[in-house]
Amino acid sequence: MCTELLSVKNLTVSFLKDGLWRPAVQNISFSVNLGETLGIVGESGSGKSVSCLALLSLLPKEVARIESGVATLKIQNQVIELLKSSEASRSLRGSEIGMIFQEPMTSLNPLFKCGDQLVEVIRRHLNLARKEAVQLAEEWFQKVELPNPRRIISAYPHELSGGQRQRVMIAMAMCCKPKLLIADEPTTALDVTVQKSVLDLISRLQKEHNTAVVFISHDLGVVRSIADNVLVMQKGEAKEYDSADKIFKNPSTAYAKSLIACKPENTNKKYRLTTVDQVIAGETLTQLRPPTNVNDGQVIYKVEGLKKYYGKRASLFGGKSEIIKAVNNVSFEIRKGETLGLVGESGCGKSTLSKIITGLLTADSGVLIYNGVDISGYSMRDWRQLRGRIQFIFQDPFSALNPKHSVKKVLEEVLVKHQASLNKQERESLCTKLIIDVGLSVDSLYKYPHQFSGGQRQRVVIARALAANPEFIIADESVSALDVSVQAQVLNLLNDLKAEYNLTFLFISHDLSVVNYMSDRVMVMREGEIVEHGEAEEIYTNPRHPYTQKLLDSVY
């Protein structure tokens with residue numbers, strides 16, 4: 001028999017903008033039973049997080065207000081109205097309602113040890129003495145499968161990996177055995193194996209404590225695998241609300257159909273990815289443009305025997321010094337006009353490798369050959385001259401752009417440095433062309449980074465990379481934090497630009513379906529070594545190395 005725990009009816013939330021209150025969530029209704037999982041999906045800005053933050057009174061009162069709605073939580077035969085007063089929801093936070101936030105690095109206090117932060121939660125809600133709270137904290141770190149819980153107790157957040165920090169957040173959210181757990185994008189930007197272990201952990205704790213879970217995510221594969229029911233949101237409204245099985249097998253609304261169709265694994269590699277607007281409009285798939293003027297088989301970048309080791313000293317409290325082989329005897333080549341995919345877990349050496357081949361790090365040994373020239377011994381000055389030909393598209397576009405500079409100034413700085421022969425009029429003309437080429441309007445040139453959405457900022461970063469007139473671009477997790485529709489737009493854009501500018505890509509991502517769709521060939525990296533390398537289709541349909549098989553088995 002299902003027992004309803006949370007009930008939300010006709011929730012409407014508004015935000016103050018330009019002196020007017022504008023609705024961000026409109027008449028949302030849903031419910032969650034004990035032991036069940038509700039998945040909430042939708043594009044960025046659809047109101048997923050706002051709906052749940054409103055229940056916990058975590059929205060800023062100065063710019064947000066609840067216009068209407070009723071939300072009740074049934075605890076021990078008591079019905080508590082969450083929206084009636086902020087005190088009601090505040091008293092339940094941590095004890096009866098736990099929350100896992102999207103980014104654990106910003107959710108954990110960097111000035112306090114992880115153990116102290118968990119102990120604070122335990123003492124506040126369970127009224128235990130410090131000694132008992134520390135013991136319980138250690139037990140919970142063990143429950144969430146953190147290695148060496150005693151060490152984690154004394155560790156600061158920056159000393160842990162992303163997956164470990166997320167486990168600390170899970171321990172903080174679950175240590176008081178809440179009846180309701182709200183998980184807001186808890187696996188975004190985690191690699192597939194860490195994502196699977198985190199989701200398995202949440203599922204195990206949910207079964208142990210019969211917890212109801214509200215799981216917010218833009219990853220439809222994850223939601224499909226764990227949710228009992230799904231709420232699909234768009235622009236603050238509920239578009240569809242039904243069982244997960246029905247929504248994913250037979251969605252009744254055009255919007256739900258479009259979200260599912262945007263996923264790369266649902267599209268033949270010869271065709272462009274569909275976007276939400278295209279599906280709703282009933283547009284048919286179009287083929288990708290082939291690259292122009294590609295010299296088949298010509299190697300643009302060759303790497304031979306690359307090594308980069310780090311020494312880890314013994315601590316004052318014991319332990320042994322060790323050598324970390326970040327990149328260990330790596331060899332490969334990239335052909336002109338192709339996209340080479342690079343996959344592997346966090347810490348496998350992907351970023352170290354990409355920094356070496358762009359001159360941001362110096363290898364201990366090995367040979368780098370770019371367009372037939374040995375650049376292994378290049379100085380920083382030599383690399384600065386070469387860097388116009390080799391560009392980066394970074395994972396987080398907001399931190400990659402100067403918030404004080406307009407888009408036009410960002411682009412002009414690159415043009416002055418790497419295309420110095422251009423005069424002022426030519427620079428302005430090229431800025432206009434670049435911003436149009438990446439799908440933004442001309443007036444975007446006079447805006448600042450904070451005035452764009454995440455997908456638009458990523459387009460600005462792509463335009464900046466193109467401004468240097470590069471041949472070779474490294475895209476490092478460039479779509480990992482984007483929802484499926486925006487991700488489809490950016491991936492289509494990269495393929496279009498590859499054809500128009502005759503670009504070569506090294507495409508790094510933890511999303512295996514994206515890498516498979518984008519790449520001609522794929523390298524699989526583990527503990528600093530390339531363990532498998534071959535044609536993308538062959539790797540994905542017939543993986544030979546056990547590690548590659550493990551990665552593919554972890555995909556939802």
# chains A, B, ... in the order shown; residues from 1 in each chain; ligands from 1

call {"tool": "residues_around", "arguments": {"residues": "Leu415 in chain A", "least_positions_apart": "2", "cutoff": "12 Å", "atoms": "only C-alpha atoms", "output": "short mmCIF file (atom, residue, chain, number, x, y, z; two decimals) with all heavy atoms, in the first residue's frame"}}
result
data_model
loop_
_atom_site.label_atom_id
_atom_site.label_comp_id
_atom_site.auth_asym_id
_atom_site.auth_seq_id
_atom_site.Cartn_x
_atom_site.Cartn_y
_atom_site.Cartn_z
N GLY A 388 47.75 30.23 -31.40
CA GLY A 388 46.68 30.67 -32.28
C GLY A 388 46.16 29.55 -33.15
O GLY A 388 44.98 29.53 -33.53
N LYS A 408 32.26 41.72 -27.61
CA LYS A 408 33.08 42.34 -28.66
C LYS A 408 34.52 42.52 -28.20
O LYS A 408 35.47 42.23 -28.94
CB LYS A 408 32.48 43.69 -29.06
CG LYS A 408 33.21 44.33 -30.24
CD LYS A 408 32.57 45.66 -30.62
CE LYS A 408 33.32 46.31 -31.79
NZ LYS A 408 32.76 47.62 -32.14
N LYS A 409 34.70 42.97 -26.97
CA LYS A 409 36.05 43.17 -26.46
C LYS A 409 36.78 41.84 -26.30
O LYS A 409 37.98 41.74 -26.58
CB LYS A 409 36.02 43.91 -25.12
CG LYS A 409 37.41 44.27 -24.61
CD LYS A 409 37.36 45.23 -23.44
CE LYS A 409 38.77 45.63 -23.01
NZ LYS A 409 38.76 46.58 -21.87
N VAL A 410 36.05 40.80 -25.86
CA VAL A 410 36.63 39.45 -25.73
C VAL A 410 37.17 38.98 -27.08
O VAL A 410 38.30 38.47 -27.18
CB VAL A 410 35.58 38.46 -25.19
CG1 VAL A 410 36.06 37.02 -25.36
CG2 VAL A 410 35.28 38.74 -23.72
N LEU A 411 36.37 39.15 -28.14
CA LEU A 411 36.78 38.70 -29.47
C LEU A 411 37.91 39.56 -30.04
O LEU A 411 38.85 39.05 -30.65
CB LEU A 411 35.58 38.72 -30.42
CG LEU A 411 34.41 37.79 -30.07
CD1 LEU A 411 33.30 37.93 -31.09
CD2 LEU A 411 34.87 36.35 -29.98
N GLU A 412 37.80 40.87 -29.82
CA GLU A 412 38.83 41.78 -30.37
C GLU A 412 40.19 41.53 -29.75
O GLU A 412 41.22 41.66 -30.42
CB GLU A 412 38.40 43.23 -30.18
CG GLU A 412 37.32 43.67 -31.15
CD GLU A 412 36.97 45.14 -31.04
OE1 GLU A 412 37.20 45.71 -29.94
OE2 GLU A 412 36.50 45.72 -32.03
N GLU A 413 40.23 41.19 -28.47
CA GLU A 413 41.51 40.88 -27.81
C GLU A 413 42.21 39.72 -28.52
O GLU A 413 43.43 39.75 -28.72
CB GLU A 413 41.27 40.51 -26.34
CG GLU A 413 41.12 41.71 -25.43
CD GLU A 413 41.07 41.31 -23.97
OE1 GLU A 413 40.83 40.11 -23.69
OE2 GLU A 413 41.26 42.18 -23.11
N LYS A 417 45.73 39.86 -30.98
CA LYS A 417 46.89 39.03 -30.65
C LYS A 417 47.25 38.07 -31.78
O LYS A 417 48.43 37.88 -32.10
CB LYS A 417 46.61 38.25 -29.37
CG LYS A 417 47.80 37.42 -28.89
CD LYS A 417 47.54 36.81 -27.52
CE LYS A 417 48.75 36.01 -27.04
NZ LYS A 417 49.95 36.84 -26.89
N HIS A 418 46.22 37.42 -32.36
CA HIS A 418 46.50 36.33 -33.30
C HIS A 418 46.26 36.68 -34.76
O HIS A 418 46.66 35.91 -35.64
CB HIS A 418 45.67 35.10 -32.92
CG HIS A 418 46.03 34.52 -31.59
ND1 HIS A 418 47.24 33.90 -31.36
CD2 HIS A 418 45.34 34.47 -30.42
CE1 HIS A 418 47.28 33.48 -30.09
NE2 HIS A 418 46.16 33.83 -29.51
N GLN A 419 45.58 37.79 -35.03
CA GLN A 419 45.43 38.24 -36.42
C GLN A 419 45.75 39.74 -36.46
O GLN A 419 44.92 40.58 -36.80
CB GLN A 419 44.01 37.95 -36.93
CG GLN A 419 43.66 36.47 -36.94
CD GLN A 419 42.44 36.16 -37.80
OE1 GLN A 419 42.38 36.55 -38.97
NE2 GLN A 419 41.48 35.45 -37.24
N ALA A 420 46.99 40.04 -36.11
CA ALA A 420 47.43 41.43 -35.91
C ALA A 420 47.39 42.26 -37.18
O ALA A 420 47.38 43.50 -37.12
CB ALA A 420 48.85 41.43 -35.32
N SER A 421 47.38 41.63 -38.35
CA SER A 421 47.41 42.39 -39.61
C SER A 421 46.06 43.05 -39.93
O SER A 421 45.98 43.92 -40.80
CB SER A 421 47.79 41.46 -40.77
OG SER A 421 46.85 40.40 -40.90
N LEU A 422 45.01 42.65 -39.21
CA LEU A 422 43.69 43.22 -39.47
C LEU A 422 43.58 44.65 -38.94
O LEU A 422 44.07 44.95 -37.86
CB LEU A 422 42.60 42.35 -38.82
CG LEU A 422 42.48 40.89 -39.27
CD1 LEU A 422 41.42 40.19 -38.45
CD2 LEU A 422 42.15 40.81 -40.76
N ASN A 423 42.93 45.52 -39.72
CA ASN A 423 42.68 46.88 -39.21
C ASN A 423 41.38 46.89 -38.40
O ASN A 423 40.68 45.87 -38.30
CB ASN A 423 42.64 47.90 -40.35
CG ASN A 423 41.54 47.58 -41.37
OD1 ASN A 423 40.45 47.14 -41.01
ND2 ASN A 423 41.85 47.81 -42.65
N LYS A 424 41.04 48.05 -37.85
CA LYS A 424 39.88 48.14 -36.95
C LYS A 424 38.58 47.74 -37.65
O LYS A 424 37.76 46.99 -37.09
CB LYS A 424 39.76 49.57 -36.41
CG LYS A 424 38.63 49.74 -35.40
CD LYS A 424 38.57 51.16 -34.86
CE LYS A 424 37.42 51.30 -33.86
NZ LYS A 424 37.34 52.70 -33.34
N GLN A 425 38.38 48.19 -38.88
CA GLN A 425 37.16 47.88 -39.61
C GLN A 425 37.08 46.38 -39.90
O GLN A 425 36.00 45.77 -39.79
CB GLN A 425 37.12 48.68 -40.92
CG GLN A 425 35.82 48.51 -41.68
CD GLN A 425 35.76 49.38 -42.93
OE1 GLN A 425 36.66 50.20 -43.17
NE2 GLN A 425 34.73 49.20 -43.73
N GLU A 426 38.21 45.77 -40.28
CA GLU A 426 38.23 44.33 -40.56
C GLU A 426 37.95 43.52 -39.29
O GLU A 426 37.27 42.49 -39.34
CB GLU A 426 39.59 43.95 -41.16
CG GLU A 426 39.79 44.46 -42.58
CD GLU A 426 41.22 44.26 -43.08
OE1 GLU A 426 42.16 44.26 -42.22
OE2 GLU A 426 41.42 44.11 -44.29
N ARG A 427 38.48 44.01 -38.16
CA ARG A 427 38.22 43.31 -36.90
C ARG A 427 36.73 43.35 -36.55
O ARG A 427 36.15 42.35 -36.13
CB ARG A 427 39.04 43.94 -35.76
CG ARG A 427 40.51 43.57 -35.79
CD ARG A 427 41.17 43.82 -34.44
NE ARG A 427 41.07 45.21 -34.02
CZ ARG A 427 41.97 46.15 -34.31
NH1 ARG A 427 43.04 45.83 -35.04
NH2 ARG A 427 41.83 47.39 -33.87
N GLU A 428 36.11 44.53 -36.71
CA GLU A 428 34.69 44.66 -36.40
C GLU A 428 33.85 43.76 -37.32
O GLU A 428 32.87 43.14 -36.88
CB GLU A 428 34.25 46.12 -36.53
CG GLU A 428 34.81 47.00 -35.42
CD GLU A 428 34.23 48.42 -35.47
OE1 GLU A 428 33.49 48.71 -36.43
OE2 GLU A 428 34.53 49.21 -34.55
N SER A 429 34.22 43.71 -38.59
CA SER A 429 33.50 42.87 -39.55
C SER A 429 33.63 41.40 -39.18
O SER A 429 32.65 40.64 -39.25
CB SER A 429 34.05 43.12 -40.96
OG SER A 429 33.42 42.27 -41.88
N LEU A 430 34.84 40.99 -38.76
CA LEU A 430 35.07 39.59 -38.41
C LEU A 430 34.35 39.24 -37.11
O LEU A 430 33.82 38.13 -36.97
CB LEU A 430 36.57 39.32 -38.28
CG LEU A 430 36.98 37.85 -38.09
CD1 LEU A 430 36.35 36.95 -39.14
CD2 LEU A 430 38.52 37.72 -38.14
N CYS A 431 34.30 40.17 -36.16
CA CYS A 431 33.55 39.94 -34.92
C CYS A 431 32.08 39.66 -35.23
O CYS A 431 31.47 38.74 -34.67
CB CYS A 431 33.65 41.15 -33.99
SG CYS A 431 35.22 41.30 -33.13
N LEU A 434 31.75 36.16 -36.80
CA LEU A 434 31.94 35.09 -35.82
C LEU A 434 30.70 34.91 -34.96
O LEU A 434 30.28 33.78 -34.70
CB LEU A 434 33.16 35.40 -34.94
CG LEU A 434 34.53 35.22 -35.59
CD1 LEU A 434 35.61 35.84 -34.71
CD2 LEU A 434 34.82 33.75 -35.83
N ALA A 463 33.10 31.07 -30.25
CA ALA A 463 33.45 32.19 -31.14
C ALA A 463 34.84 32.71 -30.81
O ALA A 463 35.63 33.04 -31.72
CB ALA A 463 32.42 33.30 -31.02
N ARG A 464 35.16 32.80 -29.52
CA ARG A 464 36.50 33.27 -29.12
C ARG A 464 37.58 32.32 -29.62
O ARG A 464 38.65 32.76 -30.07
CB ARG A 464 36.58 33.41 -27.61
CG ARG A 464 37.91 33.97 -27.14
CD ARG A 464 37.97 34.14 -25.64
NE ARG A 464 37.90 32.87 -24.92
CZ ARG A 464 37.97 32.75 -23.61
NH1 ARG A 464 38.09 33.83 -22.87
NH2 ARG A 464 37.90 31.58 -23.04
N ALA A 465 37.33 31.02 -29.54
CA ALA A 465 38.31 30.06 -30.04
C ALA A 465 38.51 30.21 -31.55
O ALA A 465 39.64 30.16 -32.05
CB ALA A 465 37.86 28.64 -29.70
N LEU A 466 37.41 30.45 -32.28
CA LEU A 466 37.50 30.60 -33.74
C LEU A 466 38.21 31.89 -34.14
O LEU A 466 38.79 31.97 -35.22
CB LEU A 466 36.11 30.56 -34.35
CG LEU A 466 35.35 29.24 -34.27
CD1 LEU A 466 33.94 29.42 -34.80
CD2 LEU A 466 36.07 28.16 -35.05
N ALA A 467 38.15 32.90 -33.26
CA ALA A 467 38.75 34.20 -33.58
C ALA A 467 40.26 34.10 -33.82
O ALA A 467 40.84 34.92 -34.52
CB ALA A 467 38.46 35.20 -32.46
N ALA A 468 40.89 33.09 -33.24
CA ALA A 468 42.33 32.92 -33.41
C ALA A 468 42.68 32.26 -34.74
O ALA A 468 43.86 32.06 -35.05
CB ALA A 468 42.89 32.10 -32.26
N ASN A 469 41.64 31.88 -35.52
CA ASN A 469 41.82 31.19 -36.79
C ASN A 469 42.59 29.88 -36.60
O ASN A 469 43.62 29.64 -37.23
CB ASN A 469 42.55 32.09 -37.80
CG ASN A 469 42.47 31.53 -39.22
OD1 ASN A 469 41.54 30.80 -39.55
ND2 ASN A 469 43.45 31.86 -40.04
N PRO A 470 42.08 28.98 -35.73
CA PRO A 470 42.81 27.75 -35.41
C PRO A 470 42.62 26.65 -36.45
O PRO A 470 41.71 26.70 -37.29
CB PRO A 470 42.18 27.33 -34.08
CG PRO A 470 40.76 27.77 -34.22
CD PRO A 470 40.81 29.06 -34.99
#

call {"tool": "residues_around", "arguments": {"residues": "range 129-132 of chain A", "least_positions_apart": "4", "cutoff": "10 Å", "atoms": "only C-alpha atoms", "output": "PyMOL selection string"}}
result
chain A and resi 116+119-120+122-123+136-138

call {"tool": "select_by_dssp", "arguments": {"residues": "range 64-206 of chain A", "states": "helix (DSSP H, G or I)", "output": "PyMOL selection string"}}
result
chain A and resi 86-92+104-107+114-126+130-143+149-153+157-159+162-174+192-206

call {"tool": "residues_around", "arguments": {"residues": "range 72-89 of chain A", "least_positions_apart": "5", "cutoff": "6 Å", "atoms": "only C-alpha atoms", "output": "NGL selection string"}}
result
:A and (5-7 or 56-57)

call {"tool": "write_last_selection", "arguments": {"atoms": "N, CA, C and O atoms", "output": "PDB file, in the first residue's frame"}}
result
ATOM      1  N   LEU A   5       3.597  10.888   0.978  1.00  0.00           N
ATOM      2  CA  LEU A   5       4.400  11.677   1.920  1.00  0.00           C
ATOM      3  C   LEU A   5       4.318  13.162   1.603  1.00  0.00           C
ATOM      4  O   LEU A   5       3.991  13.981   2.461  1.00  0.00           O
ATOM      5  N   LEU A   6       4.612  13.516   0.356  1.00  0.00           N
ATOM      6  CA  LEU A   6       4.631  14.924  -0.056  1.00  0.00           C
ATOM      7  C   LEU A   6       3.534  15.168  -1.086  1.00  0.00           C
ATOM      8  O   LEU A   6       3.384  14.400  -2.036  1.00  0.00           O
ATOM      9  N   SER A   7       2.789  16.221  -0.894  1.00  0.00           N
ATOM     10  CA  SER A   7       1.760  16.618  -1.859  1.00  0.00           C
ATOM     11  C   SER A   7       1.911  18.102  -2.167  1.00  0.00           C
ATOM     12  O   SER A   7       1.946  18.934  -1.259  1.00  0.00           O
ATOM     13  N   LEU A  56      11.381  24.370   0.553  1.00  0.00           N
ATOM     14  CA  LEU A  56      12.307  24.440   1.685  1.00  0.00           C
ATOM     15  C   LEU A  56      12.566  25.861   2.162  1.00  0.00           C
ATOM     16  O   LEU A  56      13.431  26.090   3.001  1.00  0.00           O
ATOM     17  N   SER A  57      11.849  26.819   1.600  1.00  0.00           N
ATOM     18  CA  SER A  57      12.047  28.242   1.946  1.00  0.00           C
ATOM     19  C   SER A  57      13.489  28.679   1.721  1.00  0.00           C
ATOM     20  O   SER A  57      14.067  29.415   2.522  1.00  0.00           O
TER      21      SER A  57
END

call {"tool": "select_by_dssp", "arguments": {"residues": "range 158-374 of chain A", "states": "strand (DSSP E)", "output": "VMD selection string"}}
result
chain A and resid 180 to 184 212 to 216 229 to 234 237 to 243 299 to 312 322 to 335 339 to 343 365 to 370 373 to 374

call {"tool": "write_last_selection", "arguments": {"atoms": "C-alpha atoms", "output": "PDB file, in the first residue's frame"}}
result
ATOM      1  CA  LEU A 180      12.123  13.017   1.937  1.00  0.00           C
ATOM      2  CA  LEU A 181      15.340  13.457  -0.054  1.00  0.00           C
ATOM      3  CA  ILE A 182      15.601  16.124  -2.766  1.00  0.00           C
ATOM      4  CA  ALA A 183      18.519  15.478  -5.129  1.00  0.00           C
ATOM      5  CA  ASP A 184      19.208  18.420  -7.457  1.00  0.00           C
ATOM      6  CA  ALA A 212      10.856   9.284  -0.815  1.00  0.00           C
ATOM      7  CA  VAL A 213      13.147  10.890  -3.413  1.00  0.00           C
ATOM      8  CA  VAL A 214      12.623  13.864  -5.708  1.00  0.00           C
ATOM      9  CA  PHE A 215      15.346  13.583  -8.347  1.00  0.00           C
ATOM     10  CA  ILE A 216      16.001  16.645 -10.538  1.00  0.00           C
ATOM     11  CA  ASN A 229       7.046   8.734 -11.915  1.00  0.00           C
ATOM     12  CA  VAL A 230       8.216  11.678 -13.995  1.00  0.00           C
ATOM     13  CA  LEU A 231       7.207  15.338 -14.136  1.00  0.00           C
ATOM     14  CA  VAL A 232       8.198  17.084 -17.379  1.00  0.00           C
ATOM     15  CA  MET A 233       8.515  20.880 -17.057  1.00  0.00           C
ATOM     16  CA  GLN A 234       8.873  23.649 -19.627  1.00  0.00           C
ATOM     17  CA  GLU A 237       4.680  24.734 -16.445  1.00  0.00           C
ATOM     18  CA  ALA A 238       3.989  21.008 -16.103  1.00  0.00           C
ATOM     19  CA  LYS A 239       3.832  19.558 -19.617  1.00  0.00           C
ATOM     20  CA  GLU A 240       3.418  15.916 -18.628  1.00  0.00           C
ATOM     21  CA  TYR A 241       3.109  13.971 -15.378  1.00  0.00           C
ATOM     22  CA  ASP A 242       2.876  10.185 -15.442  1.00  0.00           C
ATOM     23  CA  SER A 243       4.714   6.947 -14.778  1.00  0.00           C
ATOM     24  CA  VAL A 299      48.439  13.734 -39.658  1.00  0.00           C
ATOM     25  CA  ILE A 300      48.081  17.144 -38.011  1.00  0.00           C
ATOM     26  CA  TYR A 301      49.318  16.111 -34.542  1.00  0.00           C
ATOM     27  CA  LYS A 302      51.465  13.143 -33.531  1.00  0.00           C
ATOM     28  CA  VAL A 303      52.349  12.159 -29.978  1.00  0.00           C
ATOM     29  CA  GLU A 304      54.995   9.532 -29.172  1.00  0.00           C
ATOM     30  CA  GLY A 305      55.914   8.065 -25.773  1.00  0.00           C
ATOM     31  CA  LEU A 306      54.506  10.948 -23.731  1.00  0.00           C
ATOM     32  CA  LYS A 307      55.150  10.778 -19.968  1.00  0.00           C
ATOM     33  CA  LYS A 308      54.227  13.061 -17.089  1.00  0.00           C
ATOM     34  CA  TYR A 309      54.856  11.903 -13.522  1.00  0.00           C
ATOM     35  CA  TYR A 310      54.140  13.625 -10.221  1.00  0.00           C
ATOM     36  CA  GLY A 311      55.797  12.881  -6.909  1.00  0.00           C
ATOM     37  CA  LYS A 312      53.607  12.691  -3.815  1.00  0.00           C
ATOM     38  CA  GLU A 322      54.713   7.657  -4.238  1.00  0.00           C
ATOM     39  CA  ILE A 323      54.953   8.427  -7.917  1.00  0.00           C
ATOM     40  CA  ILE A 324      51.709   9.285  -9.711  1.00  0.00           C
ATOM     41  CA  LYS A 325      51.873   8.436 -13.410  1.00  0.00           C
ATOM     42  CA  ALA A 326      49.430  11.020 -14.758  1.00  0.00           C
ATOM     43  CA  VAL A 327      50.415  10.285 -18.376  1.00  0.00           C
ATOM     44  CA  ASN A 328      52.354   7.086 -18.926  1.00  0.00           C
ATOM     45  CA  ASN A 329      53.908   6.329 -22.324  1.00  0.00           C
ATOM     46  CA  VAL A 330      51.017   7.657 -24.410  1.00  0.00           C
ATOM     47  CA  SER A 331      51.233   7.593 -28.223  1.00  0.00           C
ATOM     48  CA  PHE A 332      48.588   8.538 -30.802  1.00  0.00           C
ATOM     49  CA  GLU A 333      47.979  10.668 -33.863  1.00  0.00           C
ATOM     50  CA  ILE A 334      45.180  12.957 -34.991  1.00  0.00           C
ATOM     51  CA  ARG A 335      44.357  13.284 -38.659  1.00  0.00           C
ATOM     52  CA  THR A 339      37.275  14.311 -34.431  1.00  0.00           C
ATOM     53  CA  LEU A 340      39.190  12.112 -32.015  1.00  0.00           C
ATOM     54  CA  GLY A 341      37.254  11.310 -28.840  1.00  0.00           C
ATOM     55  CA  LEU A 342      38.960  10.853 -25.465  1.00  0.00           C
ATOM     56  CA  VAL A 343      37.075   9.158 -22.621  1.00  0.00           C
ATOM     57  CA  SER A 365      59.626  12.863 -21.880  1.00  0.00           C
ATOM     58  CA  GLY A 366      58.125  12.114 -25.253  1.00  0.00           C
ATOM     59  CA  VAL A 367      57.818  13.673 -28.697  1.00  0.00           C
ATOM     60  CA  LEU A 368      55.205  16.165 -29.946  1.00  0.00           C
ATOM     61  CA  ILE A 369      54.991  16.703 -33.704  1.00  0.00           C
ATOM     62  CA  TYR A 370      52.581  19.332 -35.054  1.00  0.00           C
ATOM     63  CA  VAL A 373      57.439  19.977 -36.957  1.00  0.00           C
ATOM     64  CA  ASP A 374      58.942  18.645 -33.721  1.00  0.00           C
TER      65      ASP A 374
END

call {"tool": "residues_around", "arguments": {"residues": "range 187-195 of chain A", "least_positions_apart": "6", "cutoff": "7 Å", "atoms": "only C-alpha atoms", "output": "VMD selection string"}}
result
chain A and resid 102 163 345 to 346 480 to 481 510 551 554 to 555

call {"tool": "atom_distance", "arguments": {"atom1": "CA of Arg387 in chain A", "atom2": "CA of Gly359 in chain A"}}
result
8.2 Å

call {"tool": "residues_around", "arguments": {"residues": "range 536-541 of chain A", "least_positions_apart": "3", "cutoff": "7 Å", "atoms": "only C-alpha atoms", "output": "list in words"}}
result
Asn516, Ser519, Asp520, Arg521 and Val522 of chain A

call {"tool": "write_last_selection", "arguments": {"atoms": "N, CA, C and O atoms", "output": "compact mmCIF listing (two decimals), in the first residue's frame"}}
result
# COMPACT_ATOMS: atom_id res chain seq x y z
N ASN A 516 30.56 9.11 -28.78
CA ASN A 516 30.29 8.20 -29.89
C ASN A 516 29.68 8.94 -31.06
O ASN A 516 30.08 8.73 -32.22
N SER A 519 32.54 11.53 -32.62
CA SER A 519 33.91 11.11 -32.94
C SER A 519 34.00 10.17 -34.14
O SER A 519 33.12 9.33 -34.36
N ASP A 520 35.12 10.31 -34.85
CA ASP A 520 35.47 9.33 -35.88
C ASP A 520 36.21 8.16 -35.24
O ASP A 520 35.94 7.00 -35.55
N ARG A 521 37.15 8.50 -34.37
CA ARG A 521 37.87 7.47 -33.61
C ARG A 521 37.81 7.84 -32.12
O ARG A 521 37.58 8.99 -31.78
N VAL A 522 38.04 6.83 -31.26
CA VAL A 522 37.96 7.05 -29.82
C VAL A 522 39.17 6.43 -29.13
O VAL A 522 39.60 5.33 -29.49

call {"tool": "atom_distance", "arguments": {"atom1": "CA of Thr362 in chain A", "atom2": "CA of Leu503 in chain A"}}
result
24.9 Å

call {"tool": "atom_distance", "arguments": {"atom1": "CA of Phe392 in chain A", "atom2": "CA of Ser217 in chain A"}}
result
27.4 Å
